[in-house]
$ cat input_12.txt   # compact mmCIF, C-alpha atoms
# COMPACT_ATOMS: atom_id res chain seq x y z
CA MET A 6 118.37 -129.01 255.97
CA ILE A 7 120.84 -131.92 256.16
CA PHE A 8 123.74 -129.52 255.62
CA LEU A 9 122.96 -127.85 258.95
CA GLN A 10 123.22 -131.24 260.67
CA VAL A 11 126.59 -131.81 259.00
CA ALA A 12 127.71 -128.35 260.16
CA ALA A 13 126.48 -128.99 263.71
CA LYS A 14 128.32 -132.32 263.77
CA ASP A 15 131.59 -130.71 262.63
CA LEU A 16 131.26 -127.86 265.13
CA ARG A 17 130.53 -130.27 267.98
CA SER A 18 133.54 -132.42 267.03
CA GLU A 19 135.85 -129.42 266.81
CA LEU A 20 134.64 -127.76 270.01
CA ARG A 21 135.20 -131.05 271.82
CA THR A 22 138.75 -131.67 270.58
CA LYS A 23 139.71 -128.03 269.81
CA GLU A 24 142.46 -129.43 267.56
CA SER A 25 142.38 -126.88 264.76
CA LEU A 26 140.80 -124.14 266.88
CA ASN A 27 143.70 -123.97 269.34
CA ALA A 28 146.33 -124.27 266.60
CA SER A 29 144.71 -121.62 264.43
CA LEU A 30 144.10 -119.10 267.23
CA SER A 31 147.57 -119.41 268.75
CA PHE A 32 149.16 -119.16 265.29
CA ALA A 33 147.19 -115.99 264.52
CA VAL A 34 148.06 -114.35 267.84
CA VAL A 35 151.76 -115.23 267.50
CA ILE A 36 151.94 -113.71 264.00
CA LEU A 37 150.18 -110.54 265.18
CA LEU A 38 152.58 -110.31 268.11
CA LEU A 39 155.71 -110.87 266.02
CA PHE A 40 154.70 -108.31 263.39
CA SER A 41 154.07 -105.75 266.14
CA PHE A 42 157.81 -106.00 266.92
CA ALA A 43 158.74 -105.66 263.25
CA PHE A 44 156.81 -102.42 262.74
CA ASP A 45 156.38 -99.29 264.81
CA PRO A 46 152.83 -99.73 266.12
CA SER A 47 152.49 -96.01 266.78
CA GLY A 48 153.43 -95.00 263.24
CA GLU A 49 150.88 -93.53 260.86
CA ALA A 50 151.69 -96.15 258.25
CA VAL A 51 150.13 -98.87 260.37
CA ALA A 52 146.64 -98.11 259.09
CA GLU A 53 147.95 -98.45 255.53
CA PHE A 54 149.05 -102.04 255.94
CA SER A 55 146.50 -103.06 258.59
CA GLY A 56 144.13 -104.73 256.12
CA GLY A 57 146.94 -106.63 254.43
CA LEU A 58 148.39 -107.81 257.72
CA LEU A 59 145.04 -108.91 259.13
CA TRP A 60 144.01 -110.86 256.04
CA LEU A 61 147.36 -112.59 255.70
CA VAL A 62 146.98 -113.72 259.32
CA PHE A 63 143.42 -114.88 258.62
CA ALA A 64 144.49 -116.73 255.46
CA PHE A 65 147.35 -118.57 257.20
CA ALA A 66 145.30 -119.34 260.31
CA GLY A 67 142.38 -120.37 258.11
CA ALA A 68 144.46 -123.00 256.31
CA LEU A 69 144.85 -124.83 259.63
CA ILE A 70 141.09 -124.99 260.07
CA LEU A 71 140.35 -125.81 256.44
CA ASN A 72 142.89 -128.64 256.38
CA ARG A 73 140.85 -130.41 259.06
CA SER A 74 137.53 -129.92 257.28
CA PHE A 75 137.54 -133.19 255.31
CA ALA A 76 140.55 -134.74 257.08
CA ARG A 77 138.30 -134.96 260.17
CA GLU A 78 136.38 -137.70 258.33
CA LEU A 79 139.40 -139.92 257.65
CA PRO A 80 139.74 -141.76 260.98
CA ASN A 81 137.44 -144.80 261.06
CA ASP A 82 136.54 -144.21 257.36
CA CYS A 83 133.75 -141.80 258.31
CA LEU A 84 133.94 -140.10 254.90
CA GLU A 85 132.92 -143.35 253.17
CA VAL A 86 129.94 -143.73 255.46
CA LEU A 87 128.85 -140.14 254.85
CA LEU A 88 129.21 -140.53 251.08
CA ALA A 89 127.18 -143.73 251.16
CA SER A 90 124.40 -141.97 253.09
CA PRO A 91 121.65 -139.94 251.38
CA VAL A 92 123.65 -136.75 251.97
CA SER A 93 124.60 -135.32 248.59
CA GLY A 94 128.12 -134.09 247.98
CA ALA A 95 126.78 -130.52 247.79
CA GLN A 96 125.02 -130.81 251.18
CA LEU A 97 128.10 -132.34 252.77
CA PHE A 98 130.27 -129.60 251.30
CA LEU A 99 127.92 -126.81 252.36
CA GLY A 100 127.70 -128.17 255.92
CA LYS A 101 131.46 -128.39 256.19
CA SER A 102 131.90 -124.92 254.70
CA ILE A 103 129.46 -123.41 257.22
CA ALA A 104 131.26 -125.09 260.15
CA SER A 105 134.69 -123.88 258.98
CA PHE A 106 133.28 -120.42 258.26
CA LEU A 107 131.91 -120.05 261.79
CA LEU A 108 135.13 -121.31 263.36
CA LEU A 109 137.29 -118.99 261.27
CA LEU A 110 134.99 -115.99 261.79
CA GLY A 111 135.17 -116.63 265.53
CA ILE A 112 138.97 -116.59 265.39
CA GLU A 113 138.94 -113.38 263.35
CA LEU A 114 136.65 -111.69 265.88
CA LEU A 115 138.98 -112.75 268.68
CA CYS A 116 142.00 -111.47 266.76
CA LEU A 117 140.48 -108.07 266.02
CA PRO A 118 140.73 -106.62 269.57
CA ILE A 119 144.20 -108.16 269.96
CA PHE A 120 145.21 -106.47 266.72
CA GLY A 121 143.72 -103.19 267.97
CA ILE A 122 145.82 -103.35 271.14
CA PHE A 123 149.11 -104.42 269.52
CA TYR A 124 148.92 -101.89 266.67
CA ASN A 125 147.08 -99.05 268.41
CA ILE A 126 144.22 -99.16 265.92
CA THR A 127 140.70 -98.00 266.82
CA TRP A 128 138.33 -100.41 265.09
CA THR A 129 135.16 -100.12 267.19
CA PRO A 130 133.50 -97.21 265.28
CA LYS A 131 133.60 -99.25 262.08
CA PHE A 132 132.79 -102.62 263.62
CA LEU A 133 129.61 -103.36 261.65
CA PRO A 134 131.00 -102.63 258.15
CA LEU A 135 134.19 -104.48 259.20
CA LEU A 136 132.06 -107.45 260.21
CA GLY A 137 130.43 -107.35 256.79
CA VAL A 138 133.84 -107.43 255.06
CA PHE A 139 135.00 -110.22 257.38
CA VAL A 140 131.88 -112.26 256.55
CA LEU A 141 132.32 -111.83 252.77
CA GLY A 142 136.08 -112.42 252.81
CA THR A 143 135.88 -115.37 255.15
CA TRP A 144 133.13 -117.02 253.10
CA GLY A 145 135.31 -116.75 249.97
CA LEU A 146 138.30 -118.17 251.86
CA THR A 147 136.18 -120.95 253.36
CA ILE A 148 134.33 -122.01 250.24
CA LEU A 149 137.50 -122.32 248.16
CA GLY A 150 139.47 -123.84 251.05
CA THR A 151 136.82 -126.47 251.74
CA LEU A 152 136.76 -127.41 248.06
CA PHE A 153 140.54 -127.89 248.06
CA SER A 154 140.27 -129.72 251.38
CA ALA A 155 137.97 -132.22 249.62
CA LEU A 156 140.37 -132.43 246.68
CA THR A 157 143.46 -133.06 248.84
CA VAL A 158 141.90 -135.16 251.60
CA ASN A 159 143.50 -138.41 250.43
CA LEU A 160 146.95 -136.94 249.77
CA SER A 161 149.73 -137.58 252.25
CA LEU A 162 151.02 -134.01 251.74
CA ARG A 163 147.62 -132.37 252.10
CA GLU A 164 148.86 -129.85 254.72
CA LEU A 165 151.26 -128.53 252.09
CA MET A 166 149.05 -128.94 249.05
CA LEU A 167 146.03 -127.06 250.39
CA PRO A 168 147.79 -123.69 250.88
CA MET A 169 149.67 -124.09 247.61
CA LEU A 170 146.40 -124.56 245.72
CA LEU A 171 144.34 -122.15 247.79
CA TYR A 172 146.36 -118.95 248.04
CA PRO A 173 146.92 -118.27 244.31
CA MET A 174 143.23 -118.81 243.61
CA LEU A 175 142.29 -116.60 246.54
CA ILE A 176 144.24 -113.52 245.36
CA PRO A 177 141.22 -111.54 244.01
CA ALA A 178 139.20 -112.06 247.20
CA LEU A 179 142.19 -111.34 249.44
CA MET A 180 143.02 -108.13 247.53
CA ALA A 181 139.43 -106.92 247.85
CA ALA A 182 139.14 -107.84 251.53
CA MET A 183 142.52 -106.24 252.32
CA ARG A 184 141.62 -103.00 250.54
CA LEU A 185 138.17 -102.74 252.15
CA THR A 186 139.56 -103.53 255.62
CA THR A 187 142.31 -100.92 255.23
CA ILE A 188 139.73 -98.28 254.24
CA LEU A 189 137.59 -99.04 257.28
CA LEU A 190 140.49 -99.24 259.76
CA SER A 191 141.72 -95.87 258.46
CA GLY A 192 138.40 -94.45 259.66
CA ASN A 193 136.88 -93.96 256.20
CA ASP A 194 133.65 -95.26 254.69
CA ILE A 195 133.42 -97.55 251.69
CA GLY A 196 132.06 -95.59 248.75
CA GLY A 197 132.83 -94.16 245.34
CA ASP A 198 135.59 -96.02 243.49
CA ASP A 199 136.12 -98.41 246.40
CA LEU A 200 132.75 -100.05 245.75
CA VAL A 201 134.41 -102.00 242.95
CA TRP A 202 136.31 -104.00 245.62
CA LEU A 203 133.05 -104.78 247.38
CA ARG A 204 131.50 -105.95 244.11
CA LEU A 205 134.59 -108.06 243.40
CA LEU A 206 134.32 -109.73 246.80
CA ILE A 207 130.61 -110.46 246.43
CA GLY A 208 131.13 -111.70 242.85
CA PHE A 209 133.97 -113.98 243.96
CA ASP A 210 131.79 -115.50 246.68
CA VAL A 211 128.84 -116.08 244.34
CA VAL A 212 130.92 -117.55 241.50
CA PHE A 213 133.01 -119.89 243.64
CA THR A 214 130.07 -121.02 245.80
CA THR A 215 128.17 -121.97 242.64
CA LEU A 216 131.20 -123.67 241.06
CA ALA A 217 132.09 -125.56 244.24
CA LEU A 218 128.56 -126.86 244.76
CA ALA A 219 128.47 -128.04 241.15
CA LEU A 220 131.91 -129.72 241.22
CA VAL A 221 132.18 -131.25 244.67
CA GLU A 222 130.24 -134.46 243.90
CA THR A 223 132.70 -135.24 241.08
CA ILE A 224 135.63 -134.51 243.39
CA LEU A 225 134.39 -136.73 246.21
CA VAL A 226 133.26 -139.73 244.14
CA ARG A 227 136.04 -140.82 241.80
CA MET B 10 110.02 -163.57 239.02
CA ALA B 11 110.77 -160.47 241.11
CA ALA B 12 112.98 -157.77 239.60
CA PRO B 13 116.57 -157.78 240.86
CA VAL B 14 117.36 -155.48 243.76
CA LEU B 15 120.94 -155.24 242.61
CA ALA B 16 122.11 -155.56 239.00
CA VAL B 17 125.77 -155.38 238.00
CA GLU B 18 126.37 -155.40 234.24
CA HIS B 19 129.78 -155.66 232.58
CA VAL B 20 131.56 -153.50 235.15
CA TYR B 21 135.19 -152.55 234.60
CA LYS B 22 137.36 -150.49 236.93
CA TYR B 23 140.96 -149.40 236.38
CA PHE B 24 143.54 -147.93 238.75
CA GLY B 25 145.83 -146.32 236.22
CA ASP B 26 146.49 -149.12 233.73
CA TYR B 27 145.77 -151.85 236.27
CA PRO B 28 142.37 -153.51 235.75
CA ALA B 29 140.91 -153.91 239.25
CA LEU B 30 137.63 -155.29 237.87
CA ARG B 31 137.07 -156.88 234.48
CA ASP B 32 133.64 -157.48 232.99
CA VAL B 33 131.89 -158.31 236.26
CA SER B 34 128.16 -159.12 235.96
CA PHE B 35 125.69 -160.58 238.45
CA SER B 36 122.35 -159.79 240.03
CA LEU B 37 120.64 -160.38 243.37
CA ARG B 38 117.01 -160.34 244.45
CA GLY B 39 115.40 -159.46 247.75
CA GLY B 40 116.21 -161.91 250.55
CA GLU B 41 119.34 -163.22 248.82
CA CYS B 42 122.71 -163.14 250.52
CA LEU B 43 125.91 -163.15 248.50
CA ALA B 44 129.25 -164.20 249.96
CA LEU B 45 131.86 -162.45 247.81
CA LEU B 46 135.07 -164.43 248.08
CA GLY B 47 138.55 -163.81 246.78
CA ARG B 48 142.11 -163.43 247.90
CA ASN B 49 143.55 -160.11 249.08
CA GLY B 50 143.73 -157.66 246.18
CA ALA B 51 141.29 -159.66 244.04
CA GLY B 52 138.89 -156.69 243.71
CA LYS B 53 136.28 -157.41 246.40
CA THR B 54 136.52 -154.05 248.16
CA THR B 55 136.59 -152.21 244.82
CA MET B 56 133.39 -154.02 243.83
CA LEU B 57 131.70 -153.18 247.11
CA LYS B 58 132.73 -149.51 246.84
CA ILE B 59 131.17 -149.32 243.39
CA LEU B 60 127.98 -150.97 244.70
CA ALA B 61 127.83 -148.43 247.56
CA GLY B 62 128.30 -145.52 245.14
CA LEU B 63 131.66 -144.58 246.65
CA SER B 64 133.50 -145.13 243.40
CA GLY B 65 132.44 -145.02 239.77
CA ALA B 66 132.82 -147.84 237.23
CA ALA B 67 135.02 -147.10 234.20
CA GLN B 68 132.61 -149.10 232.05
CA GLY B 69 129.40 -150.96 232.70
CA GLU B 70 126.49 -150.21 234.95
CA VAL B 71 125.34 -150.82 238.50
CA LYS B 72 121.67 -150.47 239.42
CA LEU B 73 120.22 -150.55 242.91
CA PHE B 74 116.44 -150.78 242.74
CA GLY B 75 116.72 -149.71 239.11
CA ALA B 76 118.66 -146.54 239.90
CA SER B 77 122.29 -145.48 240.11
CA PRO B 78 123.81 -146.02 243.57
CA ARG B 79 124.59 -142.28 243.65
CA GLN B 80 120.88 -141.42 243.61
CA PRO B 81 119.82 -140.32 247.13
CA ALA B 82 116.79 -142.64 246.99
CA ALA B 83 119.08 -145.63 246.39
CA ARG B 84 121.60 -144.56 249.03
CA ARG B 85 118.84 -144.20 251.62
CA ARG B 86 118.33 -147.98 251.26
CA ILE B 87 122.01 -148.96 251.67
CA GLY B 88 123.57 -150.06 254.95
CA LEU B 89 127.36 -149.99 254.76
CA LEU B 90 129.81 -151.68 257.09
CA GLY B 91 133.28 -151.17 255.68
CA HIS B 92 136.80 -151.72 256.97
CA GLY B 93 136.52 -148.69 259.28
CA ILE B 94 133.79 -148.48 261.90
CA GLY B 95 132.46 -145.21 260.48
CA VAL B 96 131.79 -143.46 263.80
CA TYR B 97 133.39 -140.41 265.41
CA ASP B 98 135.72 -141.05 268.35
CA GLU B 99 135.21 -137.63 269.92
CA LEU B 100 131.41 -137.93 270.01
CA THR B 101 129.34 -140.09 272.34
CA ALA B 102 127.59 -143.26 271.21
CA ILE B 103 124.17 -141.61 271.23
CA GLU B 104 125.48 -138.52 269.41
CA ASN B 105 126.95 -140.74 266.69
CA LEU B 106 123.76 -142.69 266.16
CA THR B 107 121.60 -139.55 266.37
CA ILE B 108 123.64 -137.90 263.60
CA PHE B 109 123.16 -140.87 261.30
CA ALA B 110 119.48 -141.12 262.26
CA GLN B 111 119.07 -137.49 261.18
CA LEU B 112 120.96 -138.05 257.92
CA TYR B 113 118.68 -140.99 257.07
CA GLY B 114 115.52 -139.24 258.24
CA VAL B 115 114.98 -141.76 261.04
CA SER B 116 113.46 -140.86 264.41
CA LYS B 117 116.01 -140.18 267.18
CA SER B 118 114.27 -142.75 269.38
CA VAL B 119 115.49 -145.43 266.96
CA ALA B 120 119.06 -144.53 267.94
CA ARG B 121 118.26 -145.36 271.60
CA GLU B 122 116.62 -148.62 270.54
CA TRP B 123 119.73 -149.68 268.65
CA LEU B 124 121.95 -148.87 271.61
CA GLU B 125 119.76 -151.20 273.68
CA ARG B 126 119.91 -153.84 270.99
CA THR B 127 123.69 -153.74 270.75
CA HIS B 128 124.05 -153.73 274.57
CA LEU B 129 125.55 -150.24 274.60
CA ALA B 130 122.77 -148.34 276.38
CA HIS B 131 124.83 -148.11 279.59
CA VAL B 132 127.58 -146.19 277.73
CA ALA B 133 125.26 -144.07 275.57
CA ASP B 134 126.73 -140.80 276.85
CA SER B 135 130.38 -141.87 276.85
CA PRO B 136 132.75 -140.79 274.07
CA VAL B 137 133.54 -143.55 271.59
CA ARG B 138 137.29 -143.09 272.17
CA GLU B 139 136.78 -144.63 275.63
CA PHE B 140 135.15 -147.76 274.17
CA SER B 141 136.80 -151.15 273.90
CA ARG B 142 137.30 -152.56 270.41
CA GLY B 143 134.29 -154.85 270.72
CA MET B 144 132.04 -151.98 271.85
CA ARG B 145 133.17 -149.84 268.92
CA GLN B 146 132.37 -152.67 266.53
CA ARG B 147 128.91 -153.14 268.00
CA LEU B 148 128.30 -149.40 267.62
CA ALA B 149 129.35 -149.68 263.97
CA VAL B 150 126.84 -152.51 263.50
CA ALA B 151 124.12 -150.34 265.09
CA ARG B 152 125.07 -147.48 262.76
CA ALA B 153 124.85 -149.71 259.68
CA PHE B 154 121.46 -151.23 260.63
CA LEU B 155 119.93 -148.07 262.14
CA HIS B 156 117.75 -147.13 259.15
CA SER B 157 116.58 -150.68 258.33
CA PRO B 158 118.42 -150.75 254.99
CA ALA B 159 116.99 -152.84 252.17
CA ILE B 160 120.49 -153.79 251.02
CA LEU B 161 123.46 -154.41 253.29
CA ILE B 162 126.96 -154.01 251.90
CA LEU B 163 129.49 -155.50 254.29
CA ASP B 164 133.24 -155.55 253.70
CA GLU B 165 134.78 -158.33 255.76
CA PRO B 166 132.24 -157.85 258.55
CA PHE B 167 133.50 -160.67 260.76
CA THR B 168 137.15 -159.64 260.69
CA ALA B 169 138.50 -158.60 264.10
CA LEU B 170 135.09 -158.88 265.77
CA ASP B 171 134.91 -160.25 269.29
CA ASP B 172 132.63 -163.24 270.02
CA ARG B 173 129.79 -161.06 271.25
CA ALA B 174 129.88 -158.89 268.15
CA ILE B 175 130.03 -161.95 265.85
CA ALA B 176 126.97 -163.44 267.53
CA LEU B 177 125.13 -160.11 267.31
CA LEU B 178 126.01 -159.61 263.66
CA GLN B 179 125.00 -163.17 262.73
CA THR B 180 121.64 -162.70 264.44
CA LEU B 181 121.01 -159.37 262.73
CA LEU B 182 122.02 -160.70 259.32
CA SER B 183 119.78 -163.76 259.71
CA GLU B 184 116.87 -161.50 260.66
CA ALA B 185 117.60 -159.15 257.76
CA LYS B 186 117.69 -162.07 255.31
CA ALA B 187 114.43 -163.47 256.69
CA ALA B 188 112.88 -160.01 256.32
CA GLY B 189 113.66 -160.05 252.60
CA ARG B 190 116.67 -157.75 252.66
CA THR B 191 119.56 -158.28 250.28
CA ILE B 192 123.02 -158.84 251.74
CA ILE B 193 126.35 -158.76 249.97
CA MET B 194 129.46 -159.37 252.01
CA SER B 195 133.09 -159.90 251.18
CA THR B 196 134.82 -162.16 253.63
CA HIS B 197 137.69 -164.48 254.42
CA GLN B 198 135.69 -166.13 257.22
CA LEU B 199 134.27 -168.84 255.01
CA ARG B 200 132.41 -170.84 257.66
CA GLU B 201 130.39 -167.85 258.97
CA ALA B 202 129.74 -166.62 255.44
CA MET B 203 128.55 -169.97 254.07
CA GLU B 204 126.02 -170.36 256.87
CA LEU B 205 124.33 -167.12 255.86
CA ALA B 206 124.90 -167.10 252.09
CA SER B 207 122.30 -168.06 249.52
CA HIS B 208 124.77 -167.30 246.70
CA VAL B 209 128.54 -167.42 246.39
CA ALA B 210 130.80 -165.43 244.07
CA LEU B 211 134.54 -165.79 243.60
CA ILE B 212 136.67 -162.95 242.22
CA GLU B 213 140.20 -163.55 241.01
CA ARG B 214 142.38 -160.70 239.75
CA GLY B 215 139.32 -158.59 239.02
CA LYS B 216 137.43 -161.29 237.14
CA LEU B 217 134.30 -162.97 238.45
CA VAL B 218 135.21 -166.65 237.99
CA HIS B 219 132.15 -168.06 239.74
CA PHE B 220 128.68 -166.85 240.67
CA GLY B 221 125.90 -169.20 241.69
CA PRO B 222 123.78 -170.59 244.52
CA ARG B 223 125.51 -171.90 247.60
CA THR B 224 125.54 -175.69 247.44
CA PRO B 225 125.63 -178.26 250.29
CA GLU B 226 129.26 -179.02 249.37
CA MET B 227 130.22 -175.40 250.05
CA LEU B 228 128.53 -175.49 253.43
CA MET B 229 130.26 -178.71 254.47
CA ASP B 230 133.64 -177.75 253.06
CA PRO B 231 134.17 -173.95 252.86
CA GLY B 232 137.42 -174.41 250.91
CA TYR B 233 135.47 -176.15 248.13
CA VAL B 234 134.81 -172.88 246.25
CA TYR B 235 138.50 -171.98 245.97
CA ARG B 236 139.51 -175.52 245.01
CA THR B 237 136.76 -176.02 242.45
CA PHE B 238 136.49 -172.63 240.77
CA GLY B 239 139.71 -170.80 241.63
CA ALA B 240 143.08 -170.96 239.93
CA VAL B 241 145.63 -173.02 241.87
$ encode --input "input_12.txt" --output "C-alpha cells"
Amino acid sequence: MIFLQVAAKDLRSELRTKESLNASLSFAVVILLLFSFAFDPSGEAVAEFSGGLLWLVFAFAGALILNRSFARELPNDCLEVLLASPVSGAQLFLGKSIASFLLLLGIELLCLPIFGIFYNITWTPKFLPLLGVFVLGTWGLTILGTLFSALTVNLSLRELMLPMLLYPMLIPALMAAMRLTTILLSGNDIGGDDLVWLRLLIGFDVVFTTLALALVETILVR
Amino acid sequence: MAAPVLAVEHVYKYFGDYPALRDVSFSLRGGECLALLGRNGAGKTTMLKILAGLSGAAQGEVKLFGASPRQPAARRRIGLLGHGIGVYDELTAIENLTIFAQLYGVSKSVAREWLERTHLAHVADSPVREFSRGMRQRLAVARAFLHSPAILILDEPFTALDDRAIALLQTLLSEAKAAGRTIIMSTHQLREAMELASHVALIERGKLVHFGPRTPEMLMDPGYVYRTFGAV
C-alpha cells in the first residue's frame, strides 16, 4: 500500500503549508459570491444552472490544487528521489491522485453550504446522492488533472498548460456531473433517461483511471 | 570472477539532435568505487540519471544486478544523492526519513538511528526549512543511506558541503566500500574523489575517453587524469 503513504505524505505537506488549499477555497468562494450578484438568487432559474455553476467553480478551483500535485516535488529535486525509489509510477500517481481528490472533495463540501446560502438552494434532502455525484465527478477531474500535472511538471508555463489540456478532455465528465447535480438540486431523483449521465460519469472514471495508470510511467521517465 | 553489479553497454542519449552520451560502456563489481570525471556539460549527470532509472537511454543497455534500473527490485538497492537534497522542507527531519523508510520497506526505528548517526537527533521534530545548509545536507546523506543500498549513485556529493558533512560522507562512503557496496560518483573535487575511488572514468562531450583503475599517479596528482586522457 505504498500509494497510501504517498497520499499521506502529500496531505501532510499540504495541510502544513495550506498553499493550494487556501488559494483554491478562497477562489471558489469568491466566484460563488460574484455570480450571486450576477444572477437573481431568488429566481426559479437558479436550480437550472446550479449544477453548471457548481462544477465550473470546482473545475477552476481544482486546477489550483492539481497544479501543485507534482509541482510539490520540484523543490530539492524530490521527484527524482521518489522516481529512483521502489515506488512505481502508477503507485506514485495513485497516491497523488488520492491526496488531490480528498483535498478537492473537502473544498467542494465546504462550498456546498455556501452555495446553498448565496443562491437560496436547499441541498440537504439530496445530500447523499449529491455526495455520490461529487465523488464520481471529482475522481474524474482529479485523475485526469494529476496525469496532466505529471505531464506539465517541468514546463515553465505549467499553470497555464494544465487547464488548457485538462478542460477540453474533461468535457464529458463535466457535462454528466453538471446534469446530475442540477437534477438533484432541483429536488428530483436520478432515474430513467438520466441514468445515461451516471453511466457516462462512471465509464469516464474507469477508462481514464486505467489509461492514466498505464501511461504515467512513460510520462514520468523520459 | 564475480558478475558485475553495474553493466553499461553502448549507451547513447540525445537531447533533440545533441548527443549527450555516445557509445558509453563500462562495468563495476561489488566494492568498487568509480569517480566519474568530466567538465560541466560533459554528460556526467545524464549518465547518472540513466543509471538511477530516471531517464532512458536512446540506444544501448544498462543493467543493475542483471535487471533494468526501472525494475523495483533494482531500485530498492539504489541510494541516490543528486544535486538537490531530496527532502521536504515543510516536513520534520523524522517525518522525511520515516517516509523514505516506508517507501523502501525499512523499519521506522532505522530513521531514528540515522538521525543519531548524522548528528540530527536533537532537531528530529523540527521542520527542515528551519535547518542550516549543513544540517539539510546531512539529512540528505541520511536519506540516501537509510536503506543500506547496494549501489550508491552520487552526483557531485562533496559540492557545497560543510566540513562536518564532508567528513561524515567520507566516513560513510569508506564504510560502504569496505562492506562491498558499489559507488559511482561524479565530482569536481578530485582530491576527495581519488582517495575513495578504485576506478576512474573521464567523459568528454558525451564520450567515455578513459575508464580504468585508479593509479598512484592519479592519487598524487588529481589533475593527471585530465592532462593524460582529456583533450587540451
$ residues_around --input "input_12.txt" --residues "range 43-46 of chain B" --least-positions-apart "6" --cutoff "10 Å" --atoms "all atoms listed in the file" --output "number ranges by chain"
B: 36-37, 52-54, 56-57, 162-165, 191-199, 201-213, 217, 219-223, 234-235
$ interface_residues --input "input_12.txt" --of "chain B" --to "chain A" --cutoff "7 Å" --atoms "all atoms listed in the file" --output "mmCIF file with C-alpha atoms, keeping the file's coordinate frame"
data_model
loop_
_atom_site.group_PDB
_atom_site.id
_atom_site.type_symbol
_atom_site.label_atom_id
_atom_site.label_comp_id
_atom_site.auth_asym_id
_atom_site.auth_seq_id
_atom_site.Cartn_x
_atom_site.Cartn_y
_atom_site.Cartn_z
ATOM 1 C CA ALA B 61 127.830 -148.430 247.560
ATOM 2 C CA GLY B 62 128.300 -145.520 245.140
ATOM 3 C CA LEU B 63 131.660 -144.580 246.650
ATOM 4 C CA SER B 64 133.500 -145.130 243.400
ATOM 5 C CA GLY B 65 132.440 -145.020 239.770
ATOM 6 C CA PRO B 81 119.820 -140.320 247.130
ATOM 7 C CA ARG B 84 121.600 -144.560 249.030
ATOM 8 C CA ARG B 85 118.840 -144.200 251.620
ATOM 9 C CA LEU B 89 127.360 -149.990 254.760
ATOM 10 C CA GLY B 93 136.520 -148.690 259.280
ATOM 11 C CA ILE B 94 133.790 -148.480 261.900
ATOM 12 C CA GLY B 95 132.460 -145.210 260.480
ATOM 13 C CA VAL B 96 131.790 -143.460 263.800
ATOM 14 C CA GLU B 99 135.210 -137.630 269.920
ATOM 15 C CA LEU B 100 131.410 -137.930 270.010
ATOM 16 C CA LEU B 112 120.960 -138.050 257.920
ATOM 17 C CA TYR B 113 118.680 -140.990 257.070
#
$ atom_distance --input "input_12.txt" --atom1 "CA of Gly150 in chain A" --atom2 "CA of Ile188 in chain A"
25.8 Å
$ residues_around --input "input_12.txt" --residues "Glu53 in chain A" --least-positions-apart "4" --cutoff "8 Å" --atoms "all atoms listed in the file" --output "NGL selection string"
:A and (49 or 187 or 191)
$ residues_near_point --input "input_12.txt" --point "(141.5, -99.1, 267.6)" --cutoff "12 Å" --atoms "only C-alpha atoms" --output "list in words"
Pro46, Ser47, Val51, Ala52, Ser55, Leu117, Pro118, Ile119, Phe120, Gly121, Ile122, Phe123, Tyr124, Asn125, Ile126, Thr127, Trp128, Thr129, Pro130, Lys131, Phe132, Leu189, Leu190, Ser191 and Gly192 of chain A
$ atom_distance --input "input_12.txt" --atom1 "CA of Pro168 in chain A" --atom2 "CA of Ala181 in chain A"
19.0 Å
$ residues_around --input "input_12.txt" --residues "Leu185 in chain A" --least-positions-apart "5" --cutoff "9 Å" --atoms "all atoms listed in the file" --output "PyMOL selection string"
chain A and resi 56+135+138+180+190+195+199-200+202-203
$ residues_around --input "input_12.txt" --residues "range 173-177 of chain B" --least-positions-apart "6" --cutoff "9 Å" --atoms "all atoms listed in the file" --output "PyMOL selection string"
chain B and resi 126-127+143-144+146-147+150+166-167
$ decode --input "input_12.txt" --residues "range 94-104 of chain B" --atoms "N, CA and C atoms" --output "tab-separated table (two decimals), in the first residue's frame"
chain	number	residue	atom	x	y	z
B	94	ILE	N	18.65	18.08	-2.43
B	94	ILE	CA	18.80	17.23	-1.24
B	94	ILE	C	17.71	16.16	-1.16
B	95	GLY	N	16.62	16.34	-1.91
B	95	GLY	CA	15.61	15.29	-1.96
B	95	GLY	C	14.85	15.09	-0.67
B	96	VAL	N	14.64	16.14	0.09
B	96	VAL	CA	13.80	16.06	1.29
B	96	VAL	C	12.81	17.24	1.26
B	97	TYR	N	11.75	17.10	2.04
B	97	TYR	CA	10.65	18.09	2.00
B	97	TYR	C	10.85	19.14	3.09
B	98	ASP	N	10.90	20.40	2.69
B	98	ASP	CA	11.14	21.50	3.63
B	98	ASP	C	10.06	21.63	4.68
B	99	GLU	N	8.81	21.34	4.30
B	99	GLU	CA	7.69	21.59	5.22
B	99	GLU	C	7.53	20.47	6.25
B	100	LEU	N	8.21	19.34	6.04
B	100	LEU	CA	8.11	18.23	6.98
B	100	LEU	C	9.31	18.24	7.93
B	101	THR	N	9.16	17.53	9.04
B	101	THR	CA	10.26	17.48	10.00
B	101	THR	C	11.29	16.45	9.53
B	102	ALA	N	12.45	16.47	10.17
B	102	ALA	CA	13.52	15.54	9.79
B	102	ALA	C	13.06	14.10	9.95
B	103	ILE	N	12.41	13.81	11.07
B	103	ILE	CA	11.98	12.41	11.29
B	103	ILE	C	10.86	12.03	10.33
B	104	GLU	N	9.98	12.98	10.01
B	104	GLU	CA	8.91	12.66	9.05
B	104	GLU	C	9.51	12.36	7.67
